[in-house]
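K.L.:
mmCIF, C-alpha atoms, file work_2.cif:
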```
data_run
#
loop_
_atom_site.label_atom_id
_atom_site.label_comp_id
_atom_site.auth_asym_id
_atom_site.auth_seq_id
_atom_site.Cartn_x
_atom_site.Cartn_y
_atom_site.Cartn_z
CA MET A 1 -15.01 5.98 -9.51
CA THR A 2 -16.17 9.04 -11.46
CA GLU A 3 -19.86 8.08 -11.20
CA LEU A 4 -19.70 8.46 -7.42
CA ASP A 5 -17.79 11.73 -7.70
CA ASP A 6 -20.54 13.05 -9.96
CA LEU A 7 -23.22 11.97 -7.48
CA VAL A 8 -21.38 13.68 -4.61
CA ASP A 9 -21.24 16.92 -6.61
CA GLU A 10 -24.90 16.53 -7.60
CA MET A 11 -25.90 16.05 -3.95
CA ALA A 12 -23.88 19.11 -2.88
CA VAL A 13 -25.52 21.28 -5.56
CA LEU A 14 -29.03 19.99 -4.79
CA LEU A 15 -28.78 20.63 -1.05
CA GLY A 16 -26.45 23.65 -1.19
CA ALA A 17 -23.92 22.31 1.32
CA PRO A 18 -20.48 20.67 1.35
CA CYS A 19 -20.88 16.92 0.89
CA THR A 20 -18.83 13.80 1.56
CA LEU A 21 -19.60 10.18 0.72
CA GLU A 22 -18.31 7.33 2.87
CA ASP A 23 -18.89 3.60 2.59
CA ALA A 24 -20.65 1.61 5.31
CA ASP A 25 -17.34 1.30 7.21
CA PHE A 26 -16.73 5.08 7.06
CA ASN A 27 -13.97 4.93 4.44
CA LEU A 28 -13.98 8.12 2.41
CA LEU A 29 -15.15 7.65 -1.18
CA GLY A 30 -15.55 11.22 -2.40
CA TYR A 31 -16.11 14.82 -1.39
CA SER A 32 -17.24 18.09 -2.90
CA GLY A 33 -15.73 21.58 -2.54
CA GLN A 34 -14.66 22.39 0.99
CA ASN A 35 -15.87 25.83 2.06
CA ASP A 36 -16.85 24.82 5.59
CA VAL A 37 -14.91 22.06 7.33
CA ASP A 38 -15.25 20.85 10.92
CA ALA A 39 -12.58 18.81 12.66
CA VAL A 40 -14.22 15.46 11.89
CA ARG A 41 -14.74 16.31 8.22
CA GLN A 42 -11.15 17.53 7.84
CA ARG A 43 -9.76 14.39 9.51
CA SER A 44 -11.94 12.19 7.33
CA ILE A 45 -10.64 13.87 4.16
CA LEU A 46 -6.99 13.83 5.18
CA GLU A 47 -6.94 10.37 6.72
CA ARG A 48 -9.68 8.99 4.44
CA ARG A 49 -11.30 7.25 7.41
CA ALA A 50 -13.23 8.28 10.53
CA THR A 51 -11.95 7.27 13.97
CA SER A 52 -13.66 4.45 15.85
CA GLN A 53 -14.88 6.94 18.46
CA VAL A 54 -16.55 9.06 15.79
CA ARG A 55 -18.04 6.00 14.08
CA ASP A 56 -19.53 4.76 17.35
CA TRP A 57 -20.96 8.22 18.05
CA PHE A 58 -22.72 8.41 14.68
CA HIS A 59 -23.98 4.84 14.96
CA GLY A 60 -25.53 5.90 18.26
CA GLN A 61 -27.59 8.45 16.33
CA GLY A 62 -29.44 5.66 14.51
CA ILE A 63 -27.95 6.11 11.03
CA ARG A 64 -27.62 2.36 10.41
CA THR A 65 -31.34 1.71 10.77
CA SER A 66 -32.71 4.92 9.29
CA THR A 67 -34.41 4.59 5.90
CA THR A 68 -34.70 8.37 5.43
CA PRO A 69 -32.33 11.33 5.83
CA ILE A 70 -31.53 11.98 9.47
CA ARG A 71 -30.16 15.04 11.23
CA THR A 72 -27.31 14.41 13.66
CA PRO A 73 -26.54 16.98 16.40
CA ALA A 74 -23.28 18.74 17.12
CA ASP A 75 -20.77 17.45 19.67
CA PRO A 76 -18.14 20.13 20.40
CA ASP A 77 -16.05 17.71 22.48
CA LEU A 78 -15.56 15.48 19.42
CA GLY A 79 -15.27 18.40 16.99
CA ILE A 80 -18.52 17.40 15.28
CA SER A 81 -20.81 19.97 13.68
CA ALA A 82 -24.50 19.32 13.12
CA ARG A 83 -25.02 17.64 9.79
CA LEU A 84 -27.51 15.81 7.61
CA CYS A 85 -26.90 12.12 6.96
CA ILE A 86 -28.49 10.47 3.94
CA PRO A 87 -28.06 6.69 4.10
CA ALA A 88 -27.34 5.04 0.74
CA ARG A 89 -29.36 1.82 0.89
CA HIS A 90 -29.83 -0.95 -1.65
CA LEU A 91 -32.07 -3.96 -1.00
CA ASN A 92 -32.51 -2.68 2.56
CA ARG A 93 -28.76 -2.79 3.19
CA VAL A 94 -26.63 0.25 3.94
CA GLN A 95 -23.89 0.67 1.32
CA GLY A 96 -22.68 4.08 2.48
CA TYR A 97 -23.57 7.51 3.82
CA PHE A 98 -23.78 11.00 2.33
CA TRP A 99 -22.84 13.68 4.85
CA LEU A 100 -23.71 17.37 4.52
CA LEU A 101 -22.71 20.01 7.05
CA ASP A 102 -25.91 21.75 8.19
CA PRO A 103 -25.32 23.55 11.51
CA ASP A 104 -28.35 25.82 11.05
CA GLU A 105 -30.67 23.12 9.64
CA ALA A 106 -30.92 25.19 6.47
CA ILE A 107 -31.35 22.19 4.18
CA SER A 108 -35.03 22.01 3.35
CA GLU A 109 -36.89 18.75 3.87
CA ARG A 110 -38.56 19.39 0.51
CA ASP A 111 -35.28 18.32 -1.13
CA TRP A 112 -34.94 15.11 0.86
CA PRO A 113 -36.84 12.88 -1.60
CA ALA A 114 -34.58 13.98 -4.48
CA ALA A 115 -31.53 13.49 -2.26
CA THR A 116 -32.74 10.00 -1.36
CA ARG A 117 -33.00 9.11 -5.05
CA ILE A 118 -29.38 10.19 -5.57
CA ALA A 119 -28.37 8.07 -2.58
CA GLU A 120 -30.22 5.06 -4.03
CA VAL A 121 -28.26 5.35 -7.28
CA ALA A 122 -25.01 5.54 -5.30
CA ALA A 123 -26.03 2.50 -3.22
CA LEU A 124 -26.69 0.48 -6.38
CA LEU A 125 -23.27 1.42 -7.78
CA LEU A 126 -21.57 0.56 -4.50
CA SER A 127 -23.37 -2.79 -4.29
CA GLN A 128 -22.37 -3.71 -7.83
CA SER A 129 -18.78 -2.61 -7.25
CA THR A 130 -18.54 -4.56 -4.01
CA ARG A 131 -19.80 -7.77 -5.64
CA ARG A 132 -17.40 -7.30 -8.57
CA GLN A 133 -14.51 -6.69 -6.17
CA THR A 134 -15.33 -9.79 -4.13
CA ARG A 135 -15.25 -11.93 -7.28
CA LEU A 136 -11.96 -10.39 -8.41
CA ASN A 137 -10.40 -11.05 -5.01
CA LEU A 138 -11.40 -14.72 -5.19
CA PHE A 139 -10.15 -15.15 -8.77
CA TYR A 140 -6.86 -13.47 -7.85
CA ARG A 141 -6.33 -15.97 -5.04
CA ASP A 142 -6.91 -18.84 -7.49
CA LEU A 143 -4.60 -17.20 -10.01
CA VAL A 144 -1.60 -16.87 -7.68
CA GLU A 145 -2.11 -19.95 -5.48
CA GLY A 146 -3.98 -22.52 -7.60
CA ASP A 147 -2.59 -25.21 -9.87
CA ARG A 148 -2.03 -24.56 -13.59
CA MET A 149 -5.61 -25.39 -14.63
CA THR A 150 -7.10 -23.33 -11.79
CA ALA A 151 -4.83 -20.39 -12.61
CA ARG A 152 -5.78 -20.52 -16.29
CA ALA A 153 -9.52 -20.47 -15.45
CA ALA A 154 -9.01 -17.61 -12.98
CA ALA A 155 -7.05 -15.61 -15.57
CA LYS A 156 -9.98 -15.94 -17.99
CA GLU A 157 -12.42 -14.72 -15.34
CA ILE A 158 -10.24 -11.72 -14.43
CA ALA A 159 -9.84 -10.84 -18.09
CA PHE A 160 -13.61 -11.13 -18.60
CA ALA A 161 -14.26 -8.78 -15.65
CA SER A 162 -11.70 -6.19 -16.78
CA ASP A 163 -10.04 -4.77 -19.87
CA LEU A 164 -7.06 -7.12 -19.52
CA ARG A 165 -6.55 -9.91 -22.05
CA ILE A 166 -5.30 -13.45 -21.45
CA GLY A 167 -2.20 -12.88 -23.60
CA ASP A 168 -1.25 -9.53 -22.06
CA PRO A 169 2.17 -9.23 -20.41
CA VAL A 170 1.46 -8.12 -16.83
CA THR A 171 3.26 -6.98 -13.69
CA CYS A 172 2.17 -7.37 -10.06
CA LEU A 173 2.49 -4.45 -7.65
CA LEU A 174 1.87 -4.72 -3.90
CA VAL A 175 1.14 -1.78 -1.62
CA GLU A 176 1.13 -2.12 2.16
CA HIS A 177 -0.40 0.17 4.76
CA PRO A 178 0.04 0.01 8.53
CA THR A 179 -3.77 0.05 8.78
CA PRO A 180 -6.41 -1.96 6.86
CA ILE A 181 -6.58 -1.05 3.20
CA GLU A 182 -9.36 1.11 1.85
CA ASN A 183 -12.40 0.04 -0.10
CA LEU A 184 -10.81 -1.17 -3.34
CA SER A 185 -14.14 -1.20 -5.14
CA ALA A 186 -14.19 2.60 -4.90
CA GLN A 187 -10.80 3.20 -6.50
CA ALA A 188 -10.65 5.14 -9.73
CA ARG A 189 -10.63 2.94 -12.82
CA ARG A 190 -7.53 2.94 -15.01
CA ASP A 191 -7.09 1.17 -18.33
CA GLY A 192 -4.95 -1.93 -17.93
CA VAL A 193 -5.05 -1.91 -14.09
CA VAL A 194 -7.00 -4.25 -11.81
CA TRP A 195 -6.88 -3.78 -8.02
CA VAL A 196 -7.48 -6.74 -5.70
CA GLN A 197 -6.97 -7.50 -2.01
CA GLU A 198 -3.87 -9.50 -1.07
CA SER A 199 -4.45 -9.32 2.70
CA PRO A 200 -6.14 -6.97 5.19
CA THR A 201 -3.23 -4.51 4.93
CA ILE A 202 -1.90 -5.25 1.42
CA ALA A 203 -3.51 -4.39 -1.91
CA SER A 204 -2.33 -5.86 -5.20
CA ALA A 205 -2.46 -4.33 -8.66
CA ILE A 206 -2.35 -6.37 -11.85
CA VAL A 207 -0.93 -3.95 -14.40
CA ARG A 208 -0.69 -4.45 -18.15
CA GLY A 209 2.93 -4.29 -19.32
CA ARG A 210 5.85 -2.95 -17.34
CA ILE A 211 5.31 -0.49 -14.49
CA LYS A 212 7.09 2.82 -14.99
CA THR A 213 8.16 4.19 -11.63
CA GLN A 214 9.38 7.51 -13.01
CA ALA A 215 6.82 10.28 -13.22
CA PRO A 216 6.44 12.34 -16.40
CA SER A 217 8.67 15.43 -16.46
CA ALA A 218 7.14 18.32 -14.58
CA SER A 219 6.46 21.65 -16.17
CA PRO A 220 9.34 24.12 -15.62
CA HIS A 221 6.73 26.57 -14.30
CA GLN A 222 5.30 24.10 -11.77
CA SER A 223 5.62 25.50 -8.24
CA LEU A 224 3.85 22.77 -6.27
CA PRO A 225 6.09 20.30 -4.39
CA GLU A 226 6.44 16.96 -6.16
CA PRO A 227 4.76 14.02 -4.37
CA GLN A 228 6.83 11.12 -3.12
CA PRO A 229 7.46 8.57 -5.91
CA SER A 230 5.23 5.90 -4.33
CA ILE A 231 2.37 8.40 -3.94
CA GLU A 232 2.76 9.59 -7.53
CA LEU A 233 2.90 6.03 -8.85
CA LEU A 234 -0.18 4.86 -6.95
CA THR A 235 -2.10 7.94 -8.01
CA ARG A 236 -1.30 7.17 -11.66
CA LEU A 237 -2.55 3.61 -11.13
CA GLY A 238 -5.83 4.85 -9.64
CA TYR A 239 -5.22 3.64 -6.09
CA LEU A 240 -5.12 7.05 -4.44
CA ARG A 241 -8.09 9.00 -5.70
CA ARG A 242 -6.65 12.04 -3.95
CA SER A 243 -3.13 12.24 -2.57
CA ARG A 244 -2.62 11.54 1.11
CA PRO A 245 -0.30 13.46 3.41
CA LEU A 246 3.24 12.35 2.59
CA ALA A 247 3.81 10.98 6.09
CA THR A 248 1.41 8.14 5.35
CA ALA A 249 3.18 6.94 2.19
CA PRO A 250 2.83 3.15 2.01
CA PHE A 251 5.47 0.57 1.17
CA VAL A 252 5.41 -0.54 -2.47
CA GLY A 253 6.94 -3.68 -3.99
CA ILE A 254 6.99 -4.30 -7.75
CA GLY A 255 7.51 -7.74 -9.26
CA PRO A 256 8.99 -8.67 -12.64
CA GLN A 257 6.91 -8.53 -15.80
CA VAL A 258 5.56 -11.91 -16.96
CA SER A 259 4.48 -12.72 -20.49
CA VAL A 260 0.87 -13.79 -19.86
CA LEU A 261 -1.77 -13.21 -17.19
CA GLU A 262 -1.90 -16.82 -16.00
CA ASP A 263 1.79 -16.58 -14.97
CA LEU A 264 1.08 -13.72 -12.56
CA ARG A 265 2.16 -15.86 -9.58
CA ARG A 266 5.83 -15.38 -10.62
CA SER A 267 5.46 -11.61 -10.67
CA ARG A 268 3.55 -11.65 -7.40
CA TRP A 269 6.30 -13.73 -5.75
CA GLY A 270 8.86 -11.16 -6.84
CA ALA A 271 6.62 -8.35 -5.61
CA LEU A 272 6.33 -10.00 -2.18
CA THR A 273 10.13 -10.17 -1.95
CA ALA A 274 10.47 -6.54 -3.08
CA LEU A 275 7.88 -5.49 -0.49
CA ARG A 276 9.83 -7.32 2.20
CA VAL A 277 13.00 -5.46 1.24
CA ALA A 278 11.05 -2.18 1.16
CA ARG A 279 9.93 -2.71 4.75
CA ALA A 280 13.50 -3.37 5.87
CA SER A 281 14.78 -0.26 4.08
CA ASN A 282 12.14 1.81 5.89
CA HIS A 283 11.79 4.25 2.98
CA PRO A 284 8.05 4.13 2.22
CA GLY A 285 8.30 6.98 -0.25
CA GLU A 286 10.35 4.92 -2.72
CA PRO A 287 8.90 1.93 -4.61
CA THR A 288 11.16 -1.14 -4.48
CA GLU A 289 11.49 -3.15 -7.69
CA TRP A 290 12.41 -6.81 -8.08
CA ALA A 291 14.86 -5.86 -10.81
CA SER A 292 16.88 -3.76 -8.34
CA LEU A 293 17.23 -6.37 -5.57
CA GLY A 294 20.48 -7.97 -6.72
CA VAL A 295 21.49 -10.83 -4.42
CA LEU A 296 18.49 -10.10 -2.21
CA LYS A 297 16.48 -12.03 -4.81
CA LEU A 298 17.78 -15.08 -2.91
CA LEU A 299 15.13 -14.28 -0.30
CA SER A 300 12.54 -15.63 -2.73
CA ALA A 301 14.48 -18.81 -3.48
CA ALA A 302 14.31 -20.58 -0.11
CA ALA A 303 12.90 -20.36 3.38
CA ASP A 304 14.77 -18.09 5.77
CA HIS A 305 16.05 -20.92 7.95
CA ASP A 306 17.35 -22.76 4.88
CA LEU A 307 19.18 -19.66 3.65
CA ALA A 308 20.61 -19.01 7.11
CA GLU A 309 21.80 -22.62 7.33
CA ALA A 310 23.50 -22.37 3.93
CA ILE A 311 24.97 -18.90 4.18
CA VAL A 312 25.63 -18.14 7.85
CA SER A 313 27.79 -20.59 9.82
CA GLU A 314 27.42 -20.84 13.60
CA GLN A 315 30.65 -18.91 14.12
CA LEU A 316 29.59 -16.22 11.69
CA MET A 317 26.11 -16.11 13.23
CA ALA A 318 27.64 -15.50 16.65
CA PHE A 319 29.83 -12.73 15.24
CA LEU A 320 26.98 -10.93 13.48
CA SER A 321 24.53 -11.32 16.38
CA ASP A 322 26.82 -9.91 19.08
CA HIS A 323 26.19 -6.18 19.42
CA ARG A 324 29.72 -5.75 20.80
CA ASN A 325 30.98 -6.49 17.30
CA ALA A 326 29.00 -3.61 15.75
CA GLU A 327 32.11 -1.60 14.81
CA LEU A 328 33.79 -4.64 13.25
CA VAL A 329 30.62 -5.57 11.33
CA HIS A 330 30.38 -2.03 9.97
CA THR A 331 34.05 -2.09 9.02
CA ALA A 332 33.60 -5.37 7.16
CA ARG A 333 30.56 -3.98 5.29
CA VAL A 334 32.42 -0.87 4.19
CA TYR A 335 35.52 -2.82 3.17
CA LEU A 336 33.56 -5.34 1.10
CA ASP A 337 31.30 -2.66 -0.40
CA SER A 338 34.53 -0.92 -1.44
CA ALA A 339 35.48 -4.01 -3.46
CA GLY A 340 38.27 -4.87 -1.00
CA SER A 341 40.03 -1.54 -1.48
CA ALA A 342 41.77 -0.71 1.80
CA ALA A 343 42.45 2.88 0.72
CA ARG A 344 38.80 3.53 -0.17
CA ALA A 345 37.45 1.80 2.95
CA ALA A 346 39.84 3.71 5.26
CA SER A 347 38.72 6.97 3.67
CA VAL A 348 35.01 6.15 4.13
CA LEU A 349 35.61 5.08 7.73
CA ASN A 350 37.89 8.04 8.36
CA VAL A 351 40.55 5.85 9.99
CA HIS A 352 44.25 5.23 9.34
CA ARG A 353 44.91 2.29 7.03
CA GLN A 354 46.76 0.45 9.83
CA SER A 355 43.67 0.77 12.04
CA LEU A 356 41.62 -0.73 9.21
CA TYR A 357 44.02 -3.65 8.89
CA HIS A 358 43.83 -4.23 12.65
CA ARG A 359 40.02 -4.33 12.56
CA LEU A 360 39.99 -6.68 9.56
CA ALA A 361 42.37 -9.01 11.38
CA GLN A 362 39.87 -9.10 14.25
CA VAL A 363 37.06 -9.86 11.81
CA GLU A 364 39.06 -12.79 10.43
CA HIS A 365 39.83 -14.07 13.92
CA ARG A 366 36.18 -13.93 15.06
CA THR A 367 34.64 -15.33 11.88
CA GLY A 368 37.27 -17.91 10.97
CA LEU A 369 37.44 -16.45 7.45
CA ASP A 370 40.45 -15.36 5.43
CA LEU A 371 39.65 -12.06 3.72
CA LYS A 372 42.57 -12.52 1.36
CA ARG A 373 40.59 -15.34 -0.26
CA GLY A 374 37.94 -14.28 -2.76
CA ALA A 375 35.57 -17.09 -1.77
CA ASP A 376 35.68 -16.06 1.89
CA ARG A 377 35.12 -12.41 1.01
CA THR A 378 32.11 -13.39 -1.12
CA TYR A 379 30.75 -15.60 1.67
CA LEU A 380 31.02 -12.83 4.27
CA HIS A 381 29.63 -10.17 1.95
CA LEU A 382 26.61 -12.31 1.14
CA ALA A 383 25.99 -13.03 4.82
CA LEU A 384 26.20 -9.33 5.65
CA MET A 385 23.75 -8.40 2.89
CA LEU A 386 21.20 -11.03 3.99
CA SER A 387 21.74 -10.82 7.75
CA ASP A 388 19.03 -8.19 8.28
CA PHE A 389 16.49 -10.72 7.00
CA LEU A 390 17.92 -13.98 8.35
CA LEU A 391 19.09 -13.16 11.86
CA PRO A 392 16.71 -12.85 14.84
CA SER A 393 15.90 -9.22 15.56
#
```
Please go through the file and, once you have read it, give me the structure as structure tokens.

P.N.:
Amino acid sequence: MTELDDLVDEMAVLLGAPCTLEDADFNLLGYSGQNDVDAVRQRSILERRATSQVRDWFHGQGIRTSTTPIRTPADPDLGISARLCIPARHLNRVQGYFWLLDPDEAISERDWPAATRIAEVAALLLSQSTRRQTRLNLFYRDLVEGDRMTARAAAKEIAFASDLRIGDPVTCLLVEHPTPIENLSAQARRDGVVWVQESPTIASAIVRGRIKTQAPSASPHQSLPEPQPSIELLTRLGYLRRSRPLATAPFVGIGPQVSVLEDLRRSRWGALTALRVARASNHPGEPTEWASLGVLKLLSAAADHDLAEAIVSEQLMAFLSDHRNAELVHTARVYLDSAGSAARAASVLNVHRQSLYHRLAQVEHRTGLDLKRGADRTYLHLALMLSDFLLPS
């Protein structure tokens, strides 16, 4: 949200100190240049959220009830420097807080009225954005879960509240964090992108057209390390206003493109399946696309117990679930992934071909399948590919 960024910079210039802006729940919304950084400020910028201990400490200083700027003392044990807090209030409700490091109390009280006016503008913007986001979240739920008439009405409302059009082809993207998602109303605006909340830990983007997961080619003179693909993609879509540390890269699932906005539920269903596969792959740095799932698309076609009943017999279930069969299961995977080529599978496994044949004979005995039959090979291969999702962990 560039308006808030401008207000943060304006506040920093007015008061002559580094400034951050957080919402009422201490999610980071923006920050100015960082000449002086204490431990709490640095953690807030890197993690984009203060710890519960720090939040409780600042609440204890009376910031929630203060209607004027308030100085908060230092606490060396928590790594907190003395600072000035300027509550951003609208209609007597706190929408956020401006924070300025001020260890020497050098910020003059003569500038507080002007600073308060800046905070009031920010509070109004935050209030409007929050109300808009709440409406979008509700319309999104109607769009992906309501009947045809409800979905059509919700699509019109979402189009009215954004730059999307009813007839636009759209794609749904889901991004999951291990912690609650950030304030979506504060995300940077991008043409053809609408962010909504799917769940407490999952955000959803409605994107016009097809999502390109490949970043533009870097300059040959660029020396900075390239961000992980999911980080780069989310930054392009306006979700990450500033890149996070790579270790916190979220899981990303991308659904298929659908022809019109009111059909978003189909794209969202594919995105949910892609996100599920992304979690299982445990590679948060790589977005997972519906188009790349292959037979794993079956996960969206039926409930897990129905798929397990259809694809994994009791004998095969017992074979796959028994950890003592781990070597045989791995052998079967490699053999089937090698298109039934004994020579290729033996090479990958680094075993003699006779040893491979012996293991495959054991697989046949324990599963009741005949790997010389194409149907049985297909059956086992499918079960192996879906077993990570269908078998109890």

K.L.:
Suppose you want the space between atom CA of Ala310 of chain A and atom CA of Asp322 of chain A; what is it in Å?

P.N.:
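Atom CA of Asp322 of chain A lies 19.9 Å from atom CA of Ala310 of chain A.
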
K.L.:
Might you pull out every residue within 10 Å of Thr116 of chain A, with all atoms listed in the file counted and same-chain residues fewer than 3 positions away left off, and present them as a list of chain:residue names?

P.N.:
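Those residues are A:Met11, A:Thr67, A:Thr68, A:Pro69, A:Ile86, A:Pro87, A:Ala88, A:Arg89, A:Phe98, A:Asp111, A:Trp112, A:Pro113, A:Ala119, A:Glu120, A:Val121, A:Ala122.
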
K.L.:
I need the residue nearest Ala159 of chain A from this list: A:Arg208, A:Arg333, A:Arg359, A:Lys372. Use only C-alpha atoms for the distance.

P.N.:
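Smallest distance to Ala159 of chain A is found for A:Arg208.
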
K.L.:
Interatomic distance between atom CA of Arg324 of chain A and atom CA of Gln354 of chain A?

P.N.:
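Computed distance, atom CA of Arg324 of chain A to atom CA of Gln354 of chain A, equals 21.2 Å.
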
K.L.:
Could you tell me, as number ranges by chain, exactly which residues end up selected when the PyMOL selection byres ((chain A and resi 257) around 9) is applied to this structure?

P.N.:
A: 169-172, 208-211, 255-256, 258-260, 264, 266-267

K.L.:
Kindly give the distance, in Å, that separates atom CA of Val351 of chain A and atom CA of Ala375 of chain A, rounded to a single decimal.

P.N.:
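Taking atom CA of Val351 of chain A and atom CA of Ala375 of chain A, their separation equals 26.3 Å.
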
K.L.:
Residues picked by the PyMOL selection byres ((chain A and resi 292-304) around 10) here, as a list in words?

P.N.:
Ile254, Trp269, Gly270, Ala271, Leu272, Thr273, Ala274, Arg276, Val277, Thr288, Glu289, Trp290, Ala291, His305, Asp306, Leu307, Ala308, Glu309, Ala310, Leu382, Met385, Leu386, Phe389, Leu390 and Leu391 of chain A

K.L.:
Would you save the residues of that selection, restricted to C-alpha atoms, as an mmCIF file, keeping the file's coordinate frame?

P.N.:
```
data_model
loop_
_atom_site.group_PDB
_atom_site.id
_atom_site.type_symbol
_atom_site.label_atom_id
_atom_site.label_comp_id
_atom_site.auth_asym_id
_atom_site.auth_seq_id
_atom_site.Cartn_x
_atom_site.Cartn_y
_atom_site.Cartn_z
ATOM 1 C CA ILE A 254 6.990 -4.300 -7.750
ATOM 2 C CA TRP A 269 6.300 -13.730 -5.750
ATOM 3 C CA GLY A 270 8.860 -11.160 -6.840
ATOM 4 C CA ALA A 271 6.620 -8.350 -5.610
ATOM 5 C CA LEU A 272 6.330 -10.000 -2.180
ATOM 6 C CA THR A 273 10.130 -10.170 -1.950
ATOM 7 C CA ALA A 274 10.470 -6.540 -3.080
ATOM 8 C CA ARG A 276 9.830 -7.320 2.200
ATOM 9 C CA VAL A 277 13.000 -5.460 1.240
ATOM 10 C CA THR A 288 11.160 -1.140 -4.480
ATOM 11 C CA GLU A 289 11.490 -3.150 -7.690
ATOM 12 C CA TRP A 290 12.410 -6.810 -8.080
ATOM 13 C CA ALA A 291 14.860 -5.860 -10.810
ATOM 14 C CA HIS A 305 16.050 -20.920 7.950
ATOM 15 C CA ASP A 306 17.350 -22.760 4.880
ATOM 16 C CA LEU A 307 19.180 -19.660 3.650
ATOM 17 C CA ALA A 308 20.610 -19.010 7.110
ATOM 18 C CA GLU A 309 21.800 -22.620 7.330
ATOM 19 C CA ALA A 310 23.500 -22.370 3.930
ATOM 20 C CA LEU A 382 26.610 -12.310 1.140
ATOM 21 C CA MET A 385 23.750 -8.400 2.890
ATOM 22 C CA LEU A 386 21.200 -11.030 3.990
ATOM 23 C CA PHE A 389 16.490 -10.720 7.000
ATOM 24 C CA LEU A 390 17.920 -13.980 8.350
ATOM 25 C CA LEU A 391 19.090 -13.160 11.860
#
```

K.L.:
Exactly which residues make up the result of the PyMOL selection byres ((chain A and resi 108) around 12) on this file, given as number ranges by chain?

P.N.:
A: 14-17, 69, 71, 84, 102, 104-107, 109-115

K.L.:
Next, write the just-selected residues to a file, as a JSON list (two decimals), keeping the file's coordinate frame, keeping C-alpha atoms as the atom set.

P.N.:
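The resulting file, selection_14.json, is shown below:
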```json
[["chain", "number", "residue", "atom", "x", "y", "z"],
["A", 14, "LEU", "CA", -29.03, 19.99, -4.79],
["A", 15, "LEU", "CA", -28.78, 20.63, -1.05],
["A", 16, "GLY", "CA", -26.45, 23.65, -1.19],
["A", 17, "ALA", "CA", -23.92, 22.31, 1.32],
["A", 69, "PRO", "CA", -32.33, 11.33, 5.83],
["A", 71, "ARG", "CA", -30.16, 15.04, 11.23],
["A", 84, "LEU", "CA", -27.51, 15.81, 7.61],
["A", 102, "ASP", "CA", -25.91, 21.75, 8.19],
["A", 104, "ASP", "CA", -28.35, 25.82, 11.05],
["A", 105, "GLU", "CA", -30.67, 23.12, 9.64],
["A", 106, "ALA", "CA", -30.92, 25.19, 6.47],
["A", 107, "ILE", "CA", -31.35, 22.19, 4.18],
["A", 109, "GLU", "CA", -36.89, 18.75, 3.87],
["A", 110, "ARG", "CA", -38.56, 19.39, 0.51],
["A", 111, "ASP", "CA", -35.28, 18.32, -1.13],
["A", 112, "TRP", "CA", -34.94, 15.11, 0.86],
["A", 113, "PRO", "CA", -36.84, 12.88, -1.60],
["A", 114, "ALA", "CA", -34.58, 13.98, -4.48],
["A", 115, "ALA", "CA", -31.53, 13.49, -2.26]]
```

K.L.:
Between A:Val363, A:Leu369, A:Ala332, A:Met317, single out the one closest to Ser387 of chain A, counting all atoms listed in the file.

P.N.:
A:Met317

K.L.:
Compare A:Leu4, A:Leu29, A:Leu356, A:Ile63 by their minimum atom-to-atom distance to Ala342 of chain A, counting only C-alpha atoms, and give me the closest one.

P.N.:
A:Leu356

K.L.:
Ranking A:Tyr31, A:Gln362, A:His59, A:Glu262 by minimum distance to Leu143 of chain A and counting only C-alpha atoms, which one comes first?

P.N.:
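Smallest distance to Leu143 of chain A is found for A:Glu262.
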
K.L.:
Can you work out which one of A:His177, A:Arg83, A:Arg55, A:Arg344 has the shortest atom-to-atom distance to Thr201 of chain A, counting only C-alpha atoms?

P.N.:
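Comparing A:His177, A:Arg83, A:Arg55, A:Arg344 against Thr201 of chain A, the winner is A:His177.
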
K.L.:
Applying 12 Å and all atoms listed in the file, which residues near Leu124 of chain A remain after dropping the ones on its own chain fewer than 6 positions away? List them as number ranges by chain.

P.N.:
A: 3-4, 88-96, 117-118, 130-131

K.L.:
Point out the residue among A:Arg190, A:Arg373, A:Arg265, A:Arg132 with the least atom-to-atom distance to Ala155 of chain A, counting only C-alpha atoms.

P.N.:
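Ranked by minimum distance to Ala155 of chain A, first place goes to A:Arg265.
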
K.L.:
Model the absent atoms of segment 118-122 of chain A so that N, CA, C and O atoms are present, and write the result as a compact mmCIF listing (two decimals), in the coordinates of the input.

P.N.:
```
# COMPACT_ATOMS: atom_id res chain seq x y z
N ILE A 118 -30.81 10.18 -5.26
CA ILE A 118 -29.38 10.19 -5.57
C ILE A 118 -28.66 9.13 -4.75
O ILE A 118 -27.81 8.39 -5.24
N ALA A 119 -29.01 9.04 -3.46
CA ALA A 119 -28.37 8.07 -2.58
C ALA A 119 -28.66 6.64 -3.03
O ALA A 119 -27.81 5.75 -2.92
N GLU A 120 -29.87 6.40 -3.55
CA GLU A 120 -30.22 5.06 -4.03
C GLU A 120 -29.37 4.66 -5.23
O GLU A 120 -28.95 3.51 -5.36
N VAL A 121 -29.12 5.62 -6.13
CA VAL A 121 -28.26 5.35 -7.28
C VAL A 121 -26.84 5.02 -6.80
O VAL A 121 -26.21 4.07 -7.27
N ALA A 122 -26.35 5.80 -5.84
CA ALA A 122 -25.01 5.54 -5.30
C ALA A 122 -24.95 4.17 -4.64
O ALA A 122 -23.96 3.43 -4.79
```
